[in-house]
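One file, final16.pdb, is given below (PDB, C-alpha atoms and all ligand atoms).
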ATOM      1  CA  MET A  18      -5.142  20.877  -3.325  1.00  0.00           C
ATOM      2  CA  SER A  19      -6.285  17.776  -1.456  1.00  0.00           C
ATOM      3  CA  LEU A  20      -3.723  15.043  -0.993  1.00  0.00           C
ATOM      4  CA  LEU A  21      -5.487  12.710  -3.431  1.00  0.00           C
ATOM      5  CA  GLN A  22      -5.810  15.438  -6.069  1.00  0.00           C
ATOM      6  CA  ALA A  23      -2.096  16.197  -5.727  1.00  0.00           C
ATOM      7  CA  ILE A  24      -1.307  12.484  -6.146  1.00  0.00           C
ATOM      8  CA  GLN A  25      -3.474  12.314  -9.268  1.00  0.00           C
ATOM      9  CA  SER A  26      -1.869  15.436 -10.763  1.00  0.00           C
ATOM     10  CA  ARG A  27       1.726  14.280 -10.239  1.00  0.00           C
ATOM     11  CA  ARG A  28       3.248  13.147 -13.509  1.00  0.00           C
ATOM     12  CA  SER A  29       6.633  12.549 -15.106  1.00  0.00           C
ATOM     13  CA  THR A  30       7.489  15.789 -16.905  1.00  0.00           C
ATOM     14  CA  TYR A  31      10.499  15.846 -19.219  1.00  0.00           C
ATOM     15  CA  ARG A  32      10.273  19.224 -20.971  1.00  0.00           C
ATOM     16  CA  LEU A  33      11.678  21.391 -18.192  1.00  0.00           C
ATOM     17  CA  THR A  34      13.357  24.797 -18.070  1.00  0.00           C
ATOM     18  CA  ASN A  35      16.102  26.182 -15.827  1.00  0.00           C
ATOM     19  CA  LYS A  36      13.593  28.269 -13.892  1.00  0.00           C
ATOM     20  CA  SER A  37      11.476  27.685 -10.819  1.00  0.00           C
ATOM     21  CA  PRO A  38       8.070  29.120  -9.888  1.00  0.00           C
ATOM     22  CA  ILE A  39       9.024  28.867  -6.189  1.00  0.00           C
ATOM     23  CA  PRO A  40      12.146  30.023  -4.285  1.00  0.00           C
ATOM     24  CA  ASP A  41      15.064  27.665  -3.576  1.00  0.00           C
ATOM     25  CA  THR A  42      14.282  27.947   0.137  1.00  0.00           C
ATOM     26  CA  ARG A  43      10.801  26.463  -0.456  1.00  0.00           C
ATOM     27  CA  ILE A  44      12.286  23.547  -2.414  1.00  0.00           C
ATOM     28  CA  GLN A  45      14.735  22.970   0.422  1.00  0.00           C
ATOM     29  CA  GLU A  46      11.855  23.146   2.916  1.00  0.00           C
ATOM     30  CA  ILE A  47       9.940  20.452   0.987  1.00  0.00           C
ATOM     31  CA  VAL A  48      12.962  18.115   0.971  1.00  0.00           C
ATOM     32  CA  ASN A  49      13.566  18.754   4.691  1.00  0.00           C
ATOM     33  CA  PHE A  50       9.875  18.112   5.393  1.00  0.00           C
ATOM     34  CA  THR A  51      10.039  14.842   3.447  1.00  0.00           C
ATOM     35  CA  VAL A  52      13.131  13.612   5.288  1.00  0.00           C
ATOM     36  CA  ARG A  53      11.572  14.588   8.620  1.00  0.00           C
ATOM     37  CA  HIS A  54       8.159  12.963   8.098  1.00  0.00           C
ATOM     38  CA  ALA A  55       8.493  10.022   5.678  1.00  0.00           C
ATOM     39  CA  PRO A  56       8.282   6.594   7.346  1.00  0.00           C
ATOM     40  CA  SER A  57      11.146   4.077   7.525  1.00  0.00           C
ATOM     41  CA  ALA A  58      11.414   0.524   8.872  1.00  0.00           C
ATOM     42  CA  PHE A  59      11.900   0.585  12.664  1.00  0.00           C
ATOM     43  CA  ASN A  60      12.111   4.368  12.252  1.00  0.00           C
ATOM     44  CA  VAL A  61      15.736   3.904  11.115  1.00  0.00           C
ATOM     45  CA  GLN A  62      15.663   7.259   9.237  1.00  0.00           C
ATOM     46  CA  SER A  63      18.299   6.121   6.754  1.00  0.00           C
ATOM     47  CA  ALA A  64      17.252   8.480   3.938  1.00  0.00           C
ATOM     48  CA  ARG A  65      19.693  11.182   2.893  1.00  0.00           C
ATOM     49  CA  ALA A  66      19.154  13.880   0.267  1.00  0.00           C
ATOM     50  CA  VAL A  67      21.381  16.322  -1.596  1.00  0.00           C
ATOM     51  CA  VAL A  68      19.741  19.215  -3.443  1.00  0.00           C
ATOM     52  CA  LEU A  69      21.581  20.587  -6.467  1.00  0.00           C
ATOM     53  CA  PHE A  70      20.504  23.900  -7.980  1.00  0.00           C
ATOM     54  CA  ARG A  71      21.435  25.496 -11.316  1.00  0.00           C
ATOM     55  CA  GLU A  72      25.162  25.130 -12.143  1.00  0.00           C
ATOM     56  CA  GLN A  73      25.575  22.308  -9.582  1.00  0.00           C
ATOM     57  CA  HIS A  74      22.684  20.463 -11.258  1.00  0.00           C
ATOM     58  CA  GLU A  75      24.287  21.074 -14.670  1.00  0.00           C
ATOM     59  CA  LYS A  76      27.547  19.589 -13.369  1.00  0.00           C
ATOM     60  CA  LEU A  77      25.639  16.423 -12.429  1.00  0.00           C
ATOM     61  CA  TRP A  78      24.200  16.014 -15.900  1.00  0.00           C
ATOM     62  CA  ASP A  79      27.573  16.711 -17.513  1.00  0.00           C
ATOM     63  CA  VAL A  80      28.600  13.527 -15.693  1.00  0.00           C
ATOM     64  CA  GLY A  81      25.428  11.842 -17.003  1.00  0.00           C
ATOM     65  CA  LEU A  82      26.416  12.806 -20.538  1.00  0.00           C
ATOM     66  CA  GLN A  83      29.931  11.462 -20.034  1.00  0.00           C
ATOM     67  CA  VAL A  84      28.426   8.146 -18.854  1.00  0.00           C
ATOM     68  CA  ILE A  85      26.232   7.903 -21.951  1.00  0.00           C
ATOM     69  CA  GLN A  86      29.165   8.683 -24.246  1.00  0.00           C
ATOM     70  CA  THR A  87      31.518   6.179 -22.648  1.00  0.00           C
ATOM     71  CA  GLU A  88      29.302   3.353 -21.389  1.00  0.00           C
ATOM     72  CA  MET A  89      26.345   3.022 -23.751  1.00  0.00           C
ATOM     73  CA  PRO A  90      26.388   1.262 -27.138  1.00  0.00           C
ATOM     74  CA  PRO A  91      26.966   3.731 -30.033  1.00  0.00           C
ATOM     75  CA  ALA A  92      23.571   2.909 -31.585  1.00  0.00           C
ATOM     76  CA  VAL A  93      21.600   4.298 -28.628  1.00  0.00           C
ATOM     77  CA  ARG A  94      23.895   7.207 -27.781  1.00  0.00           C
ATOM     78  CA  PRO A  95      22.201   9.961 -29.869  1.00  0.00           C
ATOM     79  CA  VAL A  96      18.771   9.316 -28.301  1.00  0.00           C
ATOM     80  CA  LEU A  97      20.214   9.174 -24.791  1.00  0.00           C
ATOM     81  CA  GLU A  98      22.354  12.278 -25.349  1.00  0.00           C
ATOM     82  CA  THR A  99      19.199  14.216 -26.251  1.00  0.00           C
ATOM     83  CA  LYS A 100      17.513  12.873 -23.099  1.00  0.00           C
ATOM     84  CA  VAL A 101      20.415  13.949 -20.888  1.00  0.00           C
ATOM     85  CA  ALA A 102      20.473  17.388 -22.540  1.00  0.00           C
ATOM     86  CA  GLY A 103      16.800  17.666 -21.510  1.00  0.00           C
ATOM     87  CA  LEU A 104      17.661  16.766 -17.909  1.00  0.00           C
ATOM     88  CA  ARG A 105      20.523  19.272 -17.855  1.00  0.00           C
ATOM     89  CA  ALA A 106      18.197  21.999 -19.147  1.00  0.00           C
ATOM     90  CA  ALA A 107      16.111  21.737 -15.946  1.00  0.00           C
ATOM     91  CA  TYR A 108      16.550  23.778 -12.739  1.00  0.00           C
ATOM     92  CA  GLY A 109      17.742  21.238 -10.196  1.00  0.00           C
ATOM     93  CA  THR A 110      18.029  17.652  -8.998  1.00  0.00           C
ATOM     94  CA  VAL A 111      17.449  15.992  -5.657  1.00  0.00           C
ATOM     95  CA  LEU A 112      19.878  13.108  -5.183  1.00  0.00           C
ATOM     96  CA  TRP A 113      18.363  10.432  -2.966  1.00  0.00           C
ATOM     97  CA  PHE A 114      20.615   8.198  -0.895  1.00  0.00           C
ATOM     98  CA  GLU A 115      20.238   5.542   1.769  1.00  0.00           C
ATOM     99  CA  ASP A 116      22.851   5.524   4.532  1.00  0.00           C
ATOM    100  CA  GLY A 117      24.417   2.042   4.743  1.00  0.00           C
ATOM    101  CA  ALA A 118      25.845   2.863   8.191  1.00  0.00           C
ATOM    102  CA  ALA A 119      22.351   3.464   9.646  1.00  0.00           C
ATOM    103  CA  LEU A 120      21.071   0.290   7.958  1.00  0.00           C
ATOM    104  CA  ASP A 121      24.020  -1.775   9.240  1.00  0.00           C
ATOM    105  CA  ALA A 122      23.275  -0.626  12.794  1.00  0.00           C
ATOM    106  CA  LEU A 123      19.668  -1.748  12.333  1.00  0.00           C
ATOM    107  CA  LYS A 124      20.844  -5.139  11.009  1.00  0.00           C
ATOM    108  CA  ASP A 125      23.072  -5.604  14.057  1.00  0.00           C
ATOM    109  CA  LYS A 126      20.154  -4.871  16.381  1.00  0.00           C
ATOM    110  CA  ASN A 127      17.747  -7.194  14.520  1.00  0.00           C
ATOM    111  CA  PRO A 128      19.683 -10.174  13.096  1.00  0.00           C
ATOM    112  CA  ALA A 129      16.440 -12.117  12.469  1.00  0.00           C
ATOM    113  CA  ILE A 130      15.161  -9.621   9.885  1.00  0.00           C
ATOM    114  CA  GLN A 131      18.452  -8.470   8.391  1.00  0.00           C
ATOM    115  CA  GLY A 132      17.669 -10.104   5.024  1.00  0.00           C
ATOM    116  CA  LEU A 133      14.663  -7.804   4.608  1.00  0.00           C
ATOM    117  CA  ILE A 134      16.459  -4.563   5.382  1.00  0.00           C
ATOM    118  CA  PRO A 135      17.684  -3.771   1.829  1.00  0.00           C
ATOM    119  CA  GLU A 136      14.127  -4.178   0.559  1.00  0.00           C
ATOM    120  CA  TRP A 137      12.691  -1.971   3.313  1.00  0.00           C
ATOM    121  CA  SER A 138      15.380   0.616   2.661  1.00  0.00           C
ATOM    122  CA  ALA A 139      14.338   0.735  -1.013  1.00  0.00           C
ATOM    123  CA  HIS A 140      10.645   0.990  -0.034  1.00  0.00           C
ATOM    124  CA  SER A 141      11.352   3.906   2.282  1.00  0.00           C
ATOM    125  CA  SER A 142      13.516   5.673  -0.289  1.00  0.00           C
ATOM    126  CA  GLY A 143      10.675   5.334  -2.809  1.00  0.00           C
ATOM    127  CA  ILE A 144       8.258   6.869  -0.306  1.00  0.00           C
ATOM    128  CA  HIS A 145      10.640   9.822   0.164  1.00  0.00           C
ATOM    129  CA  GLN A 146      11.022  10.292  -3.584  1.00  0.00           C
ATOM    130  CA  PHE A 147       7.270  10.205  -4.060  1.00  0.00           C
ATOM    131  CA  ILE A 148       6.503  12.748  -1.329  1.00  0.00           C
ATOM    132  CA  THR A 149       8.986  15.294  -2.702  1.00  0.00           C
ATOM    133  CA  TRP A 150       7.927  14.615  -6.311  1.00  0.00           C
ATOM    134  CA  THR A 151       4.232  15.130  -5.483  1.00  0.00           C
ATOM    135  CA  ALA A 152       4.880  18.204  -3.314  1.00  0.00           C
ATOM    136  CA  LEU A 153       7.117  19.923  -5.908  1.00  0.00           C
ATOM    137  CA  ASP A 154       4.616  19.118  -8.662  1.00  0.00           C
ATOM    138  CA  ASN A 155       1.850  20.537  -6.465  1.00  0.00           C
ATOM    139  CA  GLU A 156       3.753  23.848  -6.258  1.00  0.00           C
ATOM    140  CA  GLY A 157       4.114  24.206 -10.033  1.00  0.00           C
ATOM    141  CA  LEU A 158       7.411  22.430 -10.701  1.00  0.00           C
ATOM    142  CA  GLY A 159       7.636  19.528 -13.149  1.00  0.00           C
ATOM    143  CA  CYS A 160       9.741  16.500 -12.157  1.00  0.00           C
ATOM    144  CA  ASN A 161      11.075  13.244 -13.529  1.00  0.00           C
ATOM    145  CA  LEU A 162      12.830  10.393 -11.791  1.00  0.00           C
ATOM    146  CA  GLN A 163      16.161   9.039 -13.074  1.00  0.00           C
ATOM    147  CA  HIS A 164      18.464   6.144 -12.136  1.00  0.00           C
ATOM    148  CA  TYR A 165      21.935   6.897 -13.488  1.00  0.00           C
ATOM    149  CA  ASN A 166      23.243   4.980 -10.473  1.00  0.00           C
ATOM    150  CA  PHE A 167      23.372   2.022 -12.863  1.00  0.00           C
ATOM    151  CA  SER A 168      26.850   3.425 -13.599  1.00  0.00           C
ATOM    152  CA  THR A 169      29.698   3.199 -11.084  1.00  0.00           C
ATOM    153  CA  THR A 170      31.375   6.152 -12.859  1.00  0.00           C
ATOM    154  CA  PHE A 171      28.267   8.253 -12.160  1.00  0.00           C
ATOM    155  CA  ILE A 172      28.207   7.195  -8.494  1.00  0.00           C
ATOM    156  CA  GLU A 173      31.950   7.826  -8.018  1.00  0.00           C
ATOM    157  CA  ASN A 174      31.703  11.287  -9.586  1.00  0.00           C
ATOM    158  CA  VAL A 175      28.738  12.220  -7.382  1.00  0.00           C
ATOM    159  CA  HIS A 176      30.692  11.214  -4.259  1.00  0.00           C
ATOM    160  CA  LYS A 177      33.777  13.110  -5.407  1.00  0.00           C
ATOM    161  CA  LEU A 178      32.086  16.293  -6.630  1.00  0.00           C
ATOM    162  CA  TRP A 179      29.968  16.869  -3.523  1.00  0.00           C
ATOM    163  CA  ASN A 180      32.105  15.105  -0.948  1.00  0.00           C
ATOM    164  CA  ILE A 181      29.381  12.589  -0.082  1.00  0.00           C
ATOM    165  CA  PRO A 182      30.085  10.152   2.801  1.00  0.00           C
ATOM    166  CA  SER A 183      31.056   6.731   1.475  1.00  0.00           C
ATOM    167  CA  SER A 184      28.260   5.002   3.443  1.00  0.00           C
ATOM    168  CA  TRP A 185      25.577   6.917   1.505  1.00  0.00           C
ATOM    169  CA  LYS A 186      24.269   4.726  -1.340  1.00  0.00           C
ATOM    170  CA  LEU A 187      22.789   6.573  -4.317  1.00  0.00           C
ATOM    171  CA  GLN A 188      19.213   5.454  -5.069  1.00  0.00           C
ATOM    172  CA  ALA A 189      17.682   7.907  -7.530  1.00  0.00           C
ATOM    173  CA  GLN A 190      17.811  11.376  -9.041  1.00  0.00           C
ATOM    174  CA  LEU A 191      14.673  13.536  -8.998  1.00  0.00           C
ATOM    175  CA  VAL A 192      15.035  16.236 -11.670  1.00  0.00           C
ATOM    176  CA  PHE A 193      12.874  19.362 -11.366  1.00  0.00           C
ATOM    177  CA  GLY A 194      12.197  22.613 -13.213  1.00  0.00           C
ATOM    178  CA  GLN A 195       9.463  24.855 -14.463  1.00  0.00           C
ATOM    179  CA  PRO A 196       7.554  22.901 -17.145  1.00  0.00           C
ATOM    180  CA  GLU A 197       7.877  24.203 -20.703  1.00  0.00           C
ATOM    181  CA  GLY A 198       4.277  23.625 -21.762  1.00  0.00           C
ATOM    182  CA  SER A 199       1.097  23.388 -19.773  1.00  0.00           C
ATOM    183  CA  GLY A 200      -0.526  20.143 -18.716  1.00  0.00           C
ATOM    184  CA  PRO A 201       0.747  16.566 -18.992  1.00  0.00           C
ATOM    185  CA  GLU A 202       2.967  15.722 -21.970  1.00  0.00           C
ATOM    186  CA  LYS A 203       0.908  12.642 -22.754  1.00  0.00           C
ATOM    187  CA  GLU A 204      -2.134  10.905 -21.385  1.00  0.00           C
ATOM    188  CA  LYS A 205      -1.367   7.976 -19.130  1.00  0.00           C
ATOM    189  CA  GLU A 206      -3.006   4.668 -19.882  1.00  0.00           C
ATOM    190  CA  ILE A 207      -4.432   3.311 -16.642  1.00  0.00           C
ATOM    191  CA  GLN A 208      -5.194  -0.396 -16.541  1.00  0.00           C
ATOM    192  CA  PRO A 209      -8.466  -1.548 -14.935  1.00  0.00           C
ATOM    193  CA  VAL A 210      -8.336  -1.635 -11.162  1.00  0.00           C
ATOM    194  CA  GLU A 211     -11.477  -3.070  -9.617  1.00  0.00           C
ATOM    195  CA  GLY A 212     -11.555  -6.870  -9.628  1.00  0.00           C
ATOM    196  CA  GLU A 213      -8.193  -7.032 -11.477  1.00  0.00           C
ATOM    197  CA  ARG A 214      -5.523  -5.101  -9.647  1.00  0.00           C
ATOM    198  CA  VAL A 215      -7.447  -4.590  -6.420  1.00  0.00           C
ATOM    199  CA  LEU A 216      -9.343  -7.456  -4.830  1.00  0.00           C
ATOM    200  CA  VAL A 217     -11.760  -6.928  -1.966  1.00  0.00           C
ATOM    201  CA  PHE A 218     -13.081  -9.722   0.238  1.00  0.00           C
TER     202      PHE A 218
HETATM  203  C1  LIG A 301      10.581   3.048  -9.219  1.00  0.00           C
HETATM  204  C2  LIG A 301      10.490   3.895 -10.453  1.00  0.00           C
HETATM  205  C3  LIG A 301      11.556   3.974 -11.312  1.00  0.00           C
HETATM  206  C4  LIG A 301      11.521   4.838 -12.421  1.00  0.00           C
HETATM  207  N1  LIG A 301      12.641   5.014 -13.188  1.00  0.00           N
HETATM  208  C5  LIG A 301      12.620   5.916 -14.184  1.00  0.00           C
HETATM  209  C6  LIG A 301      13.813   6.201 -14.905  1.00  0.00           C
HETATM  210  O1  LIG A 301      14.885   5.662 -14.609  1.00  0.00           O
HETATM  211  N2  LIG A 301      13.738   7.103 -15.927  1.00  0.00           N
HETATM  212  C7  LIG A 301      12.568   7.737 -16.248  1.00  0.00           C
HETATM  213  O2  LIG A 301      12.562   8.568 -17.162  1.00  0.00           O
HETATM  214  N3  LIG A 301      11.423   7.494 -15.555  1.00  0.00           N
HETATM  215  C8  LIG A 301      11.426   6.615 -14.533  1.00  0.00           C
HETATM  216  N4  LIG A 301      10.289   6.395 -13.806  1.00  0.00           N
HETATM  217  C9  LIG A 301       9.039   7.094 -14.182  1.00  0.00           C
HETATM  218  C10 LIG A 301       7.990   6.138 -14.754  1.00  0.00           C
HETATM  219  O3  LIG A 301       8.330   5.762 -16.063  1.00  0.00           O
HETATM  220  C11 LIG A 301       6.645   6.860 -14.706  1.00  0.00           C
HETATM  221  O4  LIG A 301       6.352   7.172 -13.354  1.00  0.00           O
HETATM  222  C12 LIG A 301       5.510   6.022 -15.287  1.00  0.00           C
HETATM  223  O5  LIG A 301       5.677   5.838 -16.667  1.00  0.00           O
HETATM  224  C13 LIG A 301       4.150   6.638 -15.025  1.00  0.00           C
HETATM  225  O6  LIG A 301       4.090   7.951 -15.531  1.00  0.00           O
HETATM  226  P1  LIG A 301       3.782   9.202 -14.578  1.00  0.00           P
HETATM  227  O7  LIG A 301       4.981   9.385 -13.685  1.00  0.00           O
HETATM  228  O8  LIG A 301       3.574  10.357 -15.502  1.00  0.00           O
HETATM  229  O9  LIG A 301       2.576   8.879 -13.750  1.00  0.00           O
HETATM  230  C14 LIG A 301      10.330   5.548 -12.699  1.00  0.00           C
HETATM  231  C15 LIG A 301       9.244   5.432 -11.828  1.00  0.00           C
HETATM  232  C16 LIG A 301       9.322   4.639 -10.718  1.00  0.00           C
HETATM  233  C17 LIG A 301       8.150   4.597  -9.773  1.00  0.00           C
END

Can the structure in the file be given as structure tokens, please?
Amino acid sequence: MSLLQAIQSRRSTYRLTNKSPIPDTRIQEIVNFTVRHAPSAFNVQSARAVVLFREQHEKLWDVGLQVIQTEMPPAVRPVLETKVAGLRAAYGTVLWFEDGAALDALKDKNPAIQGLIPEWSAHSSGIHQFITWTALDNEGLGCNLQHYNFSTTFIENVHKLWNIPSSWKLQAQLVFGQPEGSGPEKEKEIQPVEGERVLVF
């Protein structure tokens, strides 16, 4: 598929199964490729990734469930519990981090731009997430992007369970698995572009 076709086909897919149409080694290869080739400010290469397959992935979403049950208001818990059960039913998750130690070294070298570094770190992490998301989708996996790092309990458990260095800051969780149905779950409304969201002079 051409790059632009792959970008157009990438969607958020929530009905996922605990299977994969491609081997674990290929998934690993795609994450490695992303971390090797995605751009970062001043080529700081601060992105870090942890790939969780099967029972390790399920362990992550057991923590997600615990967070929902202990930190969310009772009124919204049932809906969120169903959502987390859907995430847990998938095949794996890529945890995306940014390494604060690498970013601190960059700040020290460039004091004039240090205020921009957190923003650039987030931009670069987003680029990494997008490359892996699009590439996995292109190979027949469905993905969705989560942010349970709103919860310090979630972050602490991730660090403890997989012995993650303390300087790695959790950014996002990319859940993947073989889609249950075929095609996008719902059509996406796309707002007008020309003359409104893109200006040309
Ligand atoms: C920066 C960013 C944050 C997002 N956070 C979440 C999230 O926390 N949970 C979720 O289910 N989807 C999340 N999404 C997915 C968006 O809701 C989704 O990409 C958007 O509705 C467009 O749908 P599509 O991915 O099918 O094109 C996020 C997407 C982006 C780019």

For ligand LIG 301 (chain A), collect every residue having any atom at a distance of at most 12 Å from a ligand atom (counting all atoms listed in the file); output as a PyMOL selection string. chain A and resi 23-32+97+100-101+103-104+139-148+150-151+154+159-167+188-192+200-208

Please identify all polymer residues within 8 Å of Pro38 in chain A, counting all atoms listed in the file, omitting same-chain residues fewer than 6 positions from it, and present them as a PyMOL selection string. chain A and resi 156-158+195

What does the PyMOL selection byres (((chain A and resi 173) around 12) and not hetatm) select in this file, as number ranges by chain? A: 77, 80-81, 84, 165-172, 174-183, 185-187

For CA of His74 in chain A and CA of Gln86 in chain A, the interatomic separation in Å (one decimal):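 Atom-to-atom, CA of His74 in chain A to CA of Gln86 in chain A, that is 18.7 Å.
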
Applied to the shown file, which residues does the PyMOL selection byres (((chain A and resi 197) around 8) and not hetatm) return, written as number ranges by chain? A: 32-34, 195-196, 198-199

List the residues selected by the PyMOL selection byres (((chain A and resi 44) around 10) and not hetatm) in the file shown, writing them as a ChimeraX atom specification. /A:37,39-43,45-50,68,70,109,111,149,152-153,156,158,193

Report, in Å with one decimal, the straight-line distance from CA of Thr51 in chain A to CA of Leu133 in chain A. 23.1 Å

Env of Ile130 in chain A: 12 Å cut, atoms = all atoms listed in the file, seq-sep filter 5 positions within chain, self excluded. Answer as JSON, numbers by chain. {"A": [58, 59, 120, 121, 123, 124, 125, 135, 136, 137]}

Between CA of Trp113 in chain A and CA of Leu82 in chain A, what distance in Å does the model show, to one decimal? 19.5 Å

Check the smallest atom-to-atom distance from each of A:Val217, A:Asp116, A:Ala106, A:Asn127 to Arg71 in chain A using only C-alpha atoms, then report the winner.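 Closest residue, counting only C-alpha atoms: A:Ala106.
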
Of the listed residues A:Ala107, A:Val215, A:Gly117, A:Glu98, that which approaches Glu75 in chain A most closely, counting only C-alpha atoms: A:Ala107

Would you mind putting N, CA and C atoms back on range 145-168 of chain A and writing the result as a PDB file, in the frame of the given file?
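To be explicit, this is the file written out as selection_11.pdb:
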ATOM      1  N   HIS A 145      10.043   8.468   0.120  1.00  0.00           N
ATOM      2  CA  HIS A 145      10.640   9.822   0.164  1.00  0.00           C
ATOM      3  C   HIS A 145      10.580  10.485  -1.218  1.00  0.00           C
ATOM      4  N   GLN A 146      11.002   9.731  -2.226  1.00  0.00           N
ATOM      5  CA  GLN A 146      11.022  10.292  -3.584  1.00  0.00           C
ATOM      6  C   GLN A 146       9.627  10.743  -3.988  1.00  0.00           C
ATOM      7  N   PHE A 147       8.646   9.918  -3.657  1.00  0.00           N
ATOM      8  CA  PHE A 147       7.270  10.205  -4.060  1.00  0.00           C
ATOM      9  C   PHE A 147       6.716  11.445  -3.351  1.00  0.00           C
ATOM     10  N   ILE A 148       7.022  11.583  -2.067  1.00  0.00           N
ATOM     11  CA  ILE A 148       6.503  12.748  -1.329  1.00  0.00           C
ATOM     12  C   ILE A 148       7.061  14.033  -1.947  1.00  0.00           C
ATOM     13  N   THR A 149       8.382  14.067  -2.146  1.00  0.00           N
ATOM     14  CA  THR A 149       8.986  15.294  -2.702  1.00  0.00           C
ATOM     15  C   THR A 149       8.472  15.547  -4.122  1.00  0.00           C
ATOM     16  N   TRP A 150       8.417  14.505  -4.927  1.00  0.00           N
ATOM     17  CA  TRP A 150       7.927  14.615  -6.311  1.00  0.00           C
ATOM     18  C   TRP A 150       6.529  15.217  -6.326  1.00  0.00           C
ATOM     19  N   THR A 151       5.626  14.673  -5.515  1.00  0.00           N
ATOM     20  CA  THR A 151       4.232  15.130  -5.483  1.00  0.00           C
ATOM     21  C   THR A 151       4.156  16.559  -4.954  1.00  0.00           C
ATOM     22  N   ALA A 152       4.934  16.862  -3.924  1.00  0.00           N
ATOM     23  CA  ALA A 152       4.880  18.204  -3.314  1.00  0.00           C
ATOM     24  C   ALA A 152       5.438  19.260  -4.271  1.00  0.00           C
ATOM     25  N   LEU A 153       6.551  18.945  -4.960  1.00  0.00           N
ATOM     26  CA  LEU A 153       7.117  19.923  -5.908  1.00  0.00           C
ATOM     27  C   LEU A 153       6.153  20.134  -7.071  1.00  0.00           C
ATOM     28  N   ASP A 154       5.592  19.046  -7.567  1.00  0.00           N
ATOM     29  CA  ASP A 154       4.616  19.118  -8.662  1.00  0.00           C
ATOM     30  C   ASP A 154       3.428  19.989  -8.242  1.00  0.00           C
ATOM     31  N   ASN A 155       2.996  19.798  -7.004  1.00  0.00           N
ATOM     32  CA  ASN A 155       1.850  20.537  -6.465  1.00  0.00           C
ATOM     33  C   ASN A 155       2.125  22.041  -6.389  1.00  0.00           C
ATOM     34  N   GLU A 156       3.412  22.419  -6.356  1.00  0.00           N
ATOM     35  CA  GLU A 156       3.753  23.848  -6.258  1.00  0.00           C
ATOM     36  C   GLU A 156       4.183  24.418  -7.616  1.00  0.00           C
ATOM     37  N   GLY A 157       3.902  23.670  -8.686  1.00  0.00           N
ATOM     38  CA  GLY A 157       4.114  24.206 -10.033  1.00  0.00           C
ATOM     39  C   GLY A 157       5.396  23.784 -10.712  1.00  0.00           C
ATOM     40  N   LEU A 158       6.214  22.956 -10.036  1.00  0.00           N
ATOM     41  CA  LEU A 158       7.411  22.430 -10.701  1.00  0.00           C
ATOM     42  C   LEU A 158       7.049  21.136 -11.434  1.00  0.00           C
ATOM     43  N   GLY A 159       7.748  20.842 -12.511  1.00  0.00           N
ATOM     44  CA  GLY A 159       7.636  19.528 -13.149  1.00  0.00           C
ATOM     45  C   GLY A 159       8.828  18.705 -12.694  1.00  0.00           C
ATOM     46  N   CYS A 160       8.650  17.382 -12.619  1.00  0.00           N
ATOM     47  CA  CYS A 160       9.741  16.500 -12.157  1.00  0.00           C
ATOM     48  C   CYS A 160       9.779  15.237 -13.002  1.00  0.00           C
ATOM     49  N   ASN A 161      10.965  14.625 -13.040  1.00  0.00           N
ATOM     50  CA  ASN A 161      11.075  13.244 -13.529  1.00  0.00           C
ATOM     51  C   ASN A 161      12.131  12.523 -12.714  1.00  0.00           C
ATOM     52  N   LEU A 162      11.979  11.207 -12.669  1.00  0.00           N
ATOM     53  CA  LEU A 162      12.830  10.393 -11.791  1.00  0.00           C
ATOM     54  C   LEU A 162      13.829   9.605 -12.641  1.00  0.00           C
ATOM     55  N   GLN A 163      15.107   9.711 -12.298  1.00  0.00           N
ATOM     56  CA  GLN A 163      16.161   9.039 -13.074  1.00  0.00           C
ATOM     57  C   GLN A 163      16.970   8.088 -12.201  1.00  0.00           C
ATOM     58  N   HIS A 164      17.651   7.141 -12.857  1.00  0.00           N
ATOM     59  CA  HIS A 164      18.464   6.144 -12.136  1.00  0.00           C
ATOM     60  C   HIS A 164      19.809   5.940 -12.822  1.00  0.00           C
ATOM     61  N   TYR A 165      20.606   7.016 -12.878  1.00  0.00           N
ATOM     62  CA  TYR A 165      21.935   6.897 -13.488  1.00  0.00           C
ATOM     63  C   TYR A 165      22.910   6.183 -12.553  1.00  0.00           C
ATOM     64  N   ASN A 166      22.409   5.784 -11.379  1.00  0.00           N
ATOM     65  CA  ASN A 166      23.243   4.980 -10.473  1.00  0.00           C
ATOM     66  C   ASN A 166      23.433   3.559 -10.985  1.00  0.00           C
ATOM     67  N   PHE A 167      22.973   3.285 -12.222  1.00  0.00           N
ATOM     68  CA  PHE A 167      23.372   2.022 -12.863  1.00  0.00           C
ATOM     69  C   PHE A 167      24.879   2.052 -13.153  1.00  0.00           C
ATOM     70  N   SER A 168      25.447   3.251 -13.203  1.00  0.00           N
ATOM     71  CA  SER A 168      26.850   3.425 -13.599  1.00  0.00           C
ATOM     72  C   SER A 168      27.734   3.727 -12.387  1.00  0.00           C
TER      73      SER A 168
END
